[in-house]
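Reviewing the structure listed below.
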Number of protein chains: 2
Amino acid sequence: MDIIKVRAVSRTAAVAGAIAGVIREQKHAEVQAIGAGAVNQSIKAMILARNFLEQDGIDVVFIPEFVNVEIEGKIRTAIRITVEPR
Amino acid sequence: MDIIKVRAVSRTAAVAGAIAGVIREQKHAEVQAIGAGAVNQSIKAMILARNFLEQDGIDVVFIPEFVNVEIEGKIRTAIRITVEPR
């Protein structure tokens, strides 16, 4: 499954649309962010996605975790947030 | 119920302990943050709180929303995150 990678400059509406689309199709989505700006955009996008999905009668919850990812040869700690119907 | 207010300079372990304590006692906690730094600390604290509570056999999920709060006479948009057992 593709992970939705969010950056500090990502548009929240676009990320929210991606999350909602993946949830509708697969009932499970994963969002990944590195750094405070990206995490903040992720959470804002999730609130919007939650509102989109509520209109379809889907009530989603979020489960965050730390994951180590390799970027340009360096290990960095990312925050990965799983989105699932409640 | 008291809302756990998180700031960019809040210690994640302390916030995580507060979240876990409230969940153990009341089965419901609310965390509030304003700004990217505070939201990031909140999410990190939630990951730690989730790990603490897993050791007690409690599996928590997170539901974020926007709320308007008045601070020194000005309306600001905060992110409030509800924490509940799954």
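We name chains A, B, ... following the order of the structure tokens; residues begin at 1 in each chain, and ligands are numbered from 1 as shown.
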Q: Restrict the distance test to only C-alpha atoms, flag each residue of chain A within 10 Å of chain B, and return the flagged residues as a PyMOL selection string.
A: chain A and resi 8+34-41+43-44+46-48+50-51+59-66+79+81-84+86
Could you save those same residues with N, CA and C atoms as a PDB file, in the first residue's frame?
```
ATOM      1  N   ALA A   8       5.653  20.004   5.013  1.00  0.00           N
ATOM      2  CA  ALA A   8       5.193  21.242   5.658  1.00  0.00           C
ATOM      3  C   ALA A   8       4.455  22.146   4.664  1.00  0.00           C
ATOM      4  N   ILE A  34       7.585  14.110   8.568  1.00  0.00           N
ATOM      5  CA  ILE A  34       8.837  14.327   9.311  1.00  0.00           C
ATOM      6  C   ILE A  34       8.924  15.813   9.627  1.00  0.00           C
ATOM      7  N   GLY A  35       9.028  16.137  10.908  1.00  0.00           N
ATOM      8  CA  GLY A  35       9.154  17.533  11.320  1.00  0.00           C
ATOM      9  C   GLY A  35       7.822  18.140  11.709  1.00  0.00           C
ATOM     10  N   ALA A  36       7.897  19.176  12.571  1.00  0.00           N
ATOM     11  CA  ALA A  36       6.704  19.775  13.165  1.00  0.00           C
ATOM     12  C   ALA A  36       5.747  20.337  12.114  1.00  0.00           C
ATOM     13  N   GLY A  37       6.283  21.003  11.086  1.00  0.00           N
ATOM     14  CA  GLY A  37       5.421  21.606  10.070  1.00  0.00           C
ATOM     15  C   GLY A  37       4.629  20.551   9.312  1.00  0.00           C
ATOM     16  N   ALA A  38       5.295  19.449   8.984  1.00  0.00           N
ATOM     17  CA  ALA A  38       4.634  18.370   8.242  1.00  0.00           C
ATOM     18  C   ALA A  38       3.612  17.650   9.122  1.00  0.00           C
ATOM     19  N   VAL A  39       3.957  17.461  10.398  1.00  0.00           N
ATOM     20  CA  VAL A  39       3.012  16.802  11.319  1.00  0.00           C
ATOM     21  C   VAL A  39       1.765  17.669  11.470  1.00  0.00           C
ATOM     22  N   ASN A  40       1.971  18.964  11.602  1.00  0.00           N
ATOM     23  CA  ASN A  40       0.837  19.896  11.743  1.00  0.00           C
ATOM     24  C   ASN A  40      -0.063  19.853  10.505  1.00  0.00           C
ATOM     25  N   GLN A  41       0.532  19.851   9.318  1.00  0.00           N
ATOM     26  CA  GLN A  41      -0.280  19.763   8.093  1.00  0.00           C
ATOM     27  C   GLN A  41      -1.045  18.439   8.046  1.00  0.00           C
ATOM     28  N   ILE A  43      -2.164  16.649  10.559  1.00  0.00           N
ATOM     29  CA  ILE A  43      -3.299  16.637  11.487  1.00  0.00           C
ATOM     30  C   ILE A  43      -4.440  17.484  10.928  1.00  0.00           C
ATOM     31  N   LYS A  44      -4.098  18.636  10.346  1.00  0.00           N
ATOM     32  CA  LYS A  44      -5.143  19.476   9.751  1.00  0.00           C
ATOM     33  C   LYS A  44      -5.831  18.724   8.606  1.00  0.00           C
ATOM     34  N   MET A  46      -6.121  15.554   8.338  1.00  0.00           N
ATOM     35  CA  MET A  46      -6.934  14.471   8.892  1.00  0.00           C
ATOM     36  C   MET A  46      -8.278  14.957   9.400  1.00  0.00           C
ATOM     37  N   ILE A  47      -8.275  16.150   9.946  1.00  0.00           N
ATOM     38  CA  ILE A  47      -9.553  16.719  10.401  1.00  0.00           C
ATOM     39  C   ILE A  47     -10.474  16.926   9.195  1.00  0.00           C
ATOM     40  N   LEU A  48      -9.915  17.472   8.112  1.00  0.00           N
ATOM     41  CA  LEU A  48     -10.716  17.658   6.892  1.00  0.00           C
ATOM     42  C   LEU A  48     -11.173  16.308   6.330  1.00  0.00           C
ATOM     43  N   ARG A  50     -11.612  13.551   7.874  1.00  0.00           N
ATOM     44  CA  ARG A  50     -12.635  13.009   8.772  1.00  0.00           C
ATOM     45  C   ARG A  50     -14.013  13.614   8.455  1.00  0.00           C
ATOM     46  N   ASN A  51     -14.005  14.920   8.181  1.00  0.00           N
ATOM     47  CA  ASN A  51     -15.263  15.587   7.833  1.00  0.00           C
ATOM     48  C   ASN A  51     -15.795  15.096   6.488  1.00  0.00           C
ATOM     49  N   ASP A  59     -16.792   6.766   9.944  1.00  0.00           N
ATOM     50  CA  ASP A  59     -16.248   7.423  11.142  1.00  0.00           C
ATOM     51  C   ASP A  59     -14.826   6.898  11.348  1.00  0.00           C
ATOM     52  N   VAL A  60     -13.824   7.735  11.046  1.00  0.00           N
ATOM     53  CA  VAL A  60     -12.447   7.243  11.131  1.00  0.00           C
ATOM     54  C   VAL A  60     -11.742   7.717  12.406  1.00  0.00           C
ATOM     55  N   VAL A  61     -10.781   6.903  12.828  1.00  0.00           N
ATOM     56  CA  VAL A  61      -9.915   7.241  13.965  1.00  0.00           C
ATOM     57  C   VAL A  61      -8.462   7.134  13.492  1.00  0.00           C
ATOM     58  N   PHE A  62      -7.564   7.633  14.335  1.00  0.00           N
ATOM     59  CA  PHE A  62      -6.154   7.784  13.966  1.00  0.00           C
ATOM     60  C   PHE A  62      -5.257   7.144  15.008  1.00  0.00           C
ATOM     61  N   ILE A  63      -4.237   6.440  14.530  1.00  0.00           N
ATOM     62  CA  ILE A  63      -3.301   5.771  15.431  1.00  0.00           C
ATOM     63  C   ILE A  63      -1.882   6.169  15.016  1.00  0.00           C
ATOM     64  N   PRO A  64      -1.232   7.033  15.790  1.00  0.00           N
ATOM     65  CA  PRO A  64       0.114   7.474  15.422  1.00  0.00           C
ATOM     66  C   PRO A  64       1.195   6.555  15.989  1.00  0.00           C
ATOM     67  N   GLU A  65       2.322   6.489  15.293  1.00  0.00           N
ATOM     68  CA  GLU A  65       3.482   5.725  15.788  1.00  0.00           C
ATOM     69  C   GLU A  65       4.757   6.340  15.215  1.00  0.00           C
ATOM     70  N   PHE A  66       5.882   6.057  15.873  1.00  0.00           N
ATOM     71  CA  PHE A  66       7.179   6.457  15.326  1.00  0.00           C
ATOM     72  C   PHE A  66       7.676   5.370  14.388  1.00  0.00           C
ATOM     73  N   ILE A  79       6.854  10.335  11.805  1.00  0.00           N
ATOM     74  CA  ILE A  79       5.605   9.978  12.465  1.00  0.00           C
ATOM     75  C   ILE A  79       4.689   9.401  11.402  1.00  0.00           C
ATOM     76  N   ILE A  81       0.919   7.834  10.740  1.00  0.00           N
ATOM     77  CA  ILE A  81      -0.416   7.816  11.336  1.00  0.00           C
ATOM     78  C   ILE A  81      -1.312   6.912  10.506  1.00  0.00           C
ATOM     79  N   THR A  82      -1.807   5.870  11.140  1.00  0.00           N
ATOM     80  CA  THR A  82      -2.737   4.958  10.486  1.00  0.00           C
ATOM     81  C   THR A  82      -4.149   5.511  10.642  1.00  0.00           C
ATOM     82  N   VAL A  83      -4.895   5.493   9.558  1.00  0.00           N
ATOM     83  CA  VAL A  83      -6.283   5.956   9.557  1.00  0.00           C
ATOM     84  C   VAL A  83      -7.164   4.743   9.278  1.00  0.00           C
ATOM     85  N   GLU A  84      -8.139   4.509  10.139  1.00  0.00           N
ATOM     86  CA  GLU A  84      -9.020   3.340   9.989  1.00  0.00           C
ATOM     87  C   GLU A  84     -10.438   3.692  10.408  1.00  0.00           C
ATOM     88  N   ARG A  86     -13.604   3.379  12.633  1.00  0.00           N
ATOM     89  CA  ARG A  86     -13.662   3.033  14.052  1.00  0.00           C
ATOM     90  C   ARG A  86     -14.221   1.636  14.254  1.00  0.00           C
TER      91      ARG A  86
END
```
Q: Within chain B, find each residue whose DSSP state, derived from the backbone, is strand (DSSP E), and express the selection as a ChimeraX atom specification.
A: /B:4-6,29-33,60-71,74-85
Q: May I have the residues within 10 Å of Arg24 of chain B as a list in words, using only C-alpha atoms and disregarding those fewer than 6 positions away in the same chain?
A: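 Listing them by chain and then by number gives Ala18, Leu53, Asp56, Ile58 and Pro85 of chain B.
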Take the residues that were just selected and, keeping all heavy atoms, output them as an mmCIF file, in the first residue's frame.
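File written: selection_14.cif
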```cif
data_model
loop_
_atom_site.group_PDB
_atom_site.id
_atom_site.type_symbol
_atom_site.label_atom_id
_atom_site.label_comp_id
_atom_site.auth_asym_id
_atom_site.auth_seq_id
_atom_site.Cartn_x
_atom_site.Cartn_y
_atom_site.Cartn_z
ATOM 1 N N ALA B 18 0.324 12.409 31.647
ATOM 2 C CA ALA B 18 -0.970 13.031 31.966
ATOM 3 C C ALA B 18 -2.090 12.370 31.167
ATOM 4 O O ALA B 18 -3.147 12.026 31.714
ATOM 5 C CB ALA B 18 -0.916 14.532 31.671
ATOM 6 N N LEU B 53 -0.171 2.879 27.698
ATOM 7 C CA LEU B 53 -1.489 2.272 27.929
ATOM 8 C C LEU B 53 -1.574 0.860 27.365
ATOM 9 O O LEU B 53 -2.300 0.020 27.905
ATOM 10 C CB LEU B 53 -2.589 3.170 27.347
ATOM 11 C CG LEU B 53 -2.774 4.475 28.135
ATOM 12 C CD1 LEU B 53 -3.560 5.491 27.320
ATOM 13 C CD2 LEU B 53 -3.457 4.221 29.471
ATOM 14 N N ASP B 56 -0.953 -1.673 29.802
ATOM 15 C CA ASP B 56 -2.102 -1.946 30.682
ATOM 16 C C ASP B 56 -3.221 -2.654 29.921
ATOM 17 O O ASP B 56 -4.325 -2.817 30.453
ATOM 18 C CB ASP B 56 -2.687 -0.637 31.233
ATOM 19 C CG ASP B 56 -1.677 0.176 32.006
ATOM 20 O OD1 ASP B 56 -0.741 -0.419 32.567
ATOM 21 O OD2 ASP B 56 -1.830 1.416 32.057
ATOM 22 N N ILE B 58 -4.744 -1.400 27.313
ATOM 23 C CA ILE B 58 -5.719 -0.417 26.797
ATOM 24 C C ILE B 58 -5.219 0.079 25.432
ATOM 25 O O ILE B 58 -4.107 0.593 25.308
ATOM 26 C CB ILE B 58 -5.876 0.778 27.764
ATOM 27 C CG1 ILE B 58 -6.275 0.301 29.161
ATOM 28 C CG2 ILE B 58 -6.901 1.784 27.219
ATOM 29 C CD1 ILE B 58 -6.251 1.411 30.219
ATOM 30 N N PRO B 85 -10.445 4.731 24.327
ATOM 31 C CA PRO B 85 -10.180 3.334 24.023
ATOM 32 C C PRO B 85 -10.881 2.969 22.716
ATOM 33 O O PRO B 85 -11.967 3.499 22.423
ATOM 34 C CB PRO B 85 -10.810 2.578 25.197
ATOM 35 C CG PRO B 85 -10.863 3.582 26.303
ATOM 36 C CD PRO B 85 -11.110 4.896 25.635
#
```
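The closest residue to Glu25 of chain A, picked from A:Met1, A:Gln55, A:Ala78, A:Ile71 and counting only C-alpha atoms, is A:Met1.
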(Q) Please list as a PyMOL selection string every residue within 10 Å of Asp2 of chain B, counting only C-alpha atoms and excluding residues in the same chain fewer than 4 positions away. (A) chain B and resi 22+29-31
With all heavy atoms retained, export the selected residues as a compact mmCIF listing (two decimals), in the first residue's frame.
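So out-v1.txt came out as:
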```
# COMPACT_ATOMS: atom_id res chain seq x y z
N VAL B 22 -5.22 10.21 32.82
CA VAL B 22 -6.63 10.58 32.63
C VAL B 22 -7.40 9.42 31.98
O VAL B 22 -8.53 9.11 32.36
CB VAL B 22 -6.75 11.89 31.80
CG1 VAL B 22 -8.20 12.18 31.44
CG2 VAL B 22 -6.16 13.06 32.57
N ALA B 29 -9.86 11.35 27.27
CA ALA B 29 -9.00 12.51 27.53
C ALA B 29 -9.06 13.45 26.34
O ALA B 29 -9.35 13.02 25.22
CB ALA B 29 -7.56 12.07 27.79
N GLU B 30 -8.83 14.75 26.62
CA GLU B 30 -8.78 15.72 25.53
C GLU B 30 -7.51 16.55 25.64
O GLU B 30 -7.16 17.01 26.73
CB GLU B 30 -10.02 16.62 25.56
CG GLU B 30 -11.27 15.80 25.26
CD GLU B 30 -12.50 16.62 24.96
OE1 GLU B 30 -12.43 17.86 24.96
OE2 GLU B 30 -13.55 15.99 24.73
N VAL B 31 -6.86 16.68 24.50
CA VAL B 31 -5.59 17.40 24.42
C VAL B 31 -5.80 18.58 23.49
O VAL B 31 -6.47 18.44 22.46
CB VAL B 31 -4.49 16.48 23.87
CG1 VAL B 31 -3.19 17.22 23.68
CG2 VAL B 31 -4.31 15.26 24.78
```
**Q.** Gap from atom CA of Gln26 of chain B to atom CA of Ala49 of chain A - Å, one decimal
**A.**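 It comes out at 27.9 Å.
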Q. Atom CA of Lys5 of chain B and atom CA of Glu72 of chain B are how many Å apart?
A. 15.8 Å
Q.
Between atom CA of Ile4 of chain A and atom CA of Glu70 of chain A, what is the distance in Å, rounded to a tenth?
A.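 Computed distance, atom CA of Ile4 of chain A to atom CA of Glu70 of chain A, equals 16.2 Å.
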Q: May I have all residues of chain A that DSSP, computed from the backbone, assigns to alpha helix (DSSP H), given as a ChimeraX atom specification?
A: /A:12-26,36-54
May I have the residues from that selection written out with N, CA and C atoms, as an mmCIF file, in the first residue's frame?
```cif
data_model
loop_
_atom_site.group_PDB
_atom_site.id
_atom_site.type_symbol
_atom_site.label_atom_id
_atom_site.label_comp_id
_atom_site.auth_asym_id
_atom_site.auth_seq_id
_atom_site.Cartn_x
_atom_site.Cartn_y
_atom_site.Cartn_z
ATOM 1 N N THR A 12 -3.428 21.156 2.676
ATOM 2 C CA THR A 12 -4.221 20.263 3.530
ATOM 3 C C THR A 12 -5.414 19.672 2.776
ATOM 4 N N ALA A 13 -6.055 20.462 1.911
ATOM 5 C CA ALA A 13 -7.240 19.945 1.193
ATOM 6 C C ALA A 13 -6.844 18.795 0.261
ATOM 7 N N ALA A 14 -5.678 18.921 -0.376
ATOM 8 C CA ALA A 14 -5.211 17.864 -1.287
ATOM 9 C C ALA A 14 -4.888 16.594 -0.502
ATOM 10 N N VAL A 15 -4.216 16.759 0.636
ATOM 11 C CA VAL A 15 -3.877 15.589 1.471
ATOM 12 C C VAL A 15 -5.161 14.948 1.997
ATOM 13 N N ALA A 16 -6.099 15.788 2.426
ATOM 14 C CA ALA A 16 -7.372 15.271 2.957
ATOM 15 C C ALA A 16 -8.115 14.477 1.892
ATOM 16 N N GLY A 17 -8.102 14.982 0.665
ATOM 17 C CA GLY A 17 -8.756 14.274 -0.436
ATOM 18 C C GLY A 17 -8.100 12.923 -0.692
ATOM 19 N N ALA A 18 -6.770 12.892 -0.618
ATOM 20 C CA ALA A 18 -6.034 11.635 -0.819
ATOM 21 C C ALA A 18 -6.386 10.634 0.284
ATOM 22 N N ILE A 19 -6.406 11.101 1.523
ATOM 23 C CA ILE A 19 -6.733 10.205 2.649
ATOM 24 C C ILE A 19 -8.151 9.646 2.468
ATOM 25 N N ALA A 20 -9.091 10.537 2.180
ATOM 26 C CA ALA A 20 -10.490 10.103 2.038
ATOM 27 C C ALA A 20 -10.632 9.106 0.895
ATOM 28 N N GLY A 21 -9.921 9.359 -0.208
ATOM 29 C CA GLY A 21 -9.989 8.462 -1.358
ATOM 30 C C GLY A 21 -9.458 7.071 -1.034
ATOM 31 N N VAL A 22 -8.323 7.019 -0.343
ATOM 32 C CA VAL A 22 -7.724 5.724 0.008
ATOM 33 C C VAL A 22 -8.627 4.976 0.996
ATOM 34 N N ILE A 23 -9.192 5.701 1.945
ATOM 35 C CA ILE A 23 -10.089 5.054 2.923
ATOM 36 C C ILE A 23 -11.319 4.476 2.211
ATOM 37 N N ARG A 24 -11.884 5.227 1.303
ATOM 38 C CA ARG A 24 -13.082 4.735 0.593
ATOM 39 C C ARG A 24 -12.764 3.450 -0.168
ATOM 40 N N GLU A 25 -11.557 3.387 -0.758
ATOM 41 C CA GLU A 25 -11.203 2.223 -1.589
ATOM 42 C C GLU A 25 -10.653 1.059 -0.785
ATOM 43 N N GLN A 26 -9.846 1.381 0.242
ATOM 44 C CA GLN A 26 -9.084 0.308 0.904
ATOM 45 C C GLN A 26 -9.397 0.155 2.395
ATOM 46 N N ALA A 36 7.897 19.176 12.571
ATOM 47 C CA ALA A 36 6.704 19.775 13.165
ATOM 48 C C ALA A 36 5.747 20.337 12.114
ATOM 49 N N GLY A 37 6.283 21.003 11.086
ATOM 50 C CA GLY A 37 5.421 21.606 10.070
ATOM 51 C C GLY A 37 4.629 20.551 9.312
ATOM 52 N N ALA A 38 5.295 19.449 8.984
ATOM 53 C CA ALA A 38 4.634 18.370 8.242
ATOM 54 C C ALA A 38 3.612 17.650 9.122
ATOM 55 N N VAL A 39 3.957 17.461 10.398
ATOM 56 C CA VAL A 39 3.012 16.802 11.319
ATOM 57 C C VAL A 39 1.765 17.669 11.470
ATOM 58 N N ASN A 40 1.971 18.964 11.602
ATOM 59 C CA ASN A 40 0.837 19.896 11.743
ATOM 60 C C ASN A 40 -0.063 19.853 10.505
ATOM 61 N N GLN A 41 0.532 19.851 9.318
ATOM 62 C CA GLN A 41 -0.280 19.763 8.093
ATOM 63 C C GLN A 41 -1.045 18.439 8.046
ATOM 64 N N SER A 42 -0.386 17.368 8.501
ATOM 65 C CA SER A 42 -1.036 16.047 8.503
ATOM 66 C C SER A 42 -2.284 16.056 9.373
ATOM 67 N N ILE A 43 -2.164 16.649 10.559
ATOM 68 C CA ILE A 43 -3.299 16.637 11.487
ATOM 69 C C ILE A 43 -4.440 17.484 10.928
ATOM 70 N N LYS A 44 -4.098 18.636 10.346
ATOM 71 C CA LYS A 44 -5.143 19.476 9.751
ATOM 72 C C LYS A 44 -5.831 18.724 8.606
ATOM 73 N N ALA A 45 -5.031 18.020 7.791
ATOM 74 C CA ALA A 45 -5.602 17.249 6.680
ATOM 75 C C ALA A 45 -6.512 16.140 7.209
ATOM 76 N N MET A 46 -6.121 15.554 8.338
ATOM 77 C CA MET A 46 -6.934 14.471 8.892
ATOM 78 C C MET A 46 -8.278 14.957 9.400
ATOM 79 N N ILE A 47 -8.275 16.150 9.946
ATOM 80 C CA ILE A 47 -9.553 16.719 10.401
ATOM 81 C C ILE A 47 -10.474 16.926 9.195
ATOM 82 N N LEU A 48 -9.915 17.472 8.112
ATOM 83 C CA LEU A 48 -10.716 17.658 6.892
ATOM 84 C C LEU A 48 -11.173 16.308 6.330
ATOM 85 N N ALA A 49 -10.265 15.333 6.282
ATOM 86 C CA ALA A 49 -10.602 14.006 5.735
ATOM 87 C C ALA A 49 -11.719 13.379 6.561
ATOM 88 N N ARG A 50 -11.612 13.551 7.874
ATOM 89 C CA ARG A 50 -12.635 13.009 8.772
ATOM 90 C C ARG A 50 -14.013 13.614 8.455
ATOM 91 N N ASN A 51 -14.005 14.920 8.181
ATOM 92 C CA ASN A 51 -15.263 15.587 7.833
ATOM 93 C C ASN A 51 -15.795 15.096 6.488
ATOM 94 N N PHE A 52 -14.899 14.924 5.492
ATOM 95 C CA PHE A 52 -15.322 14.395 4.181
ATOM 96 C C PHE A 52 -15.976 13.021 4.375
ATOM 97 N N LEU A 53 -15.305 12.168 5.146
ATOM 98 C CA LEU A 53 -15.752 10.769 5.284
ATOM 99 C C LEU A 53 -17.015 10.648 6.118
ATOM 100 N N GLU A 54 -17.194 11.583 7.059
ATOM 101 C CA GLU A 54 -18.433 11.580 7.861
ATOM 102 C C GLU A 54 -19.640 11.733 6.955
#
```
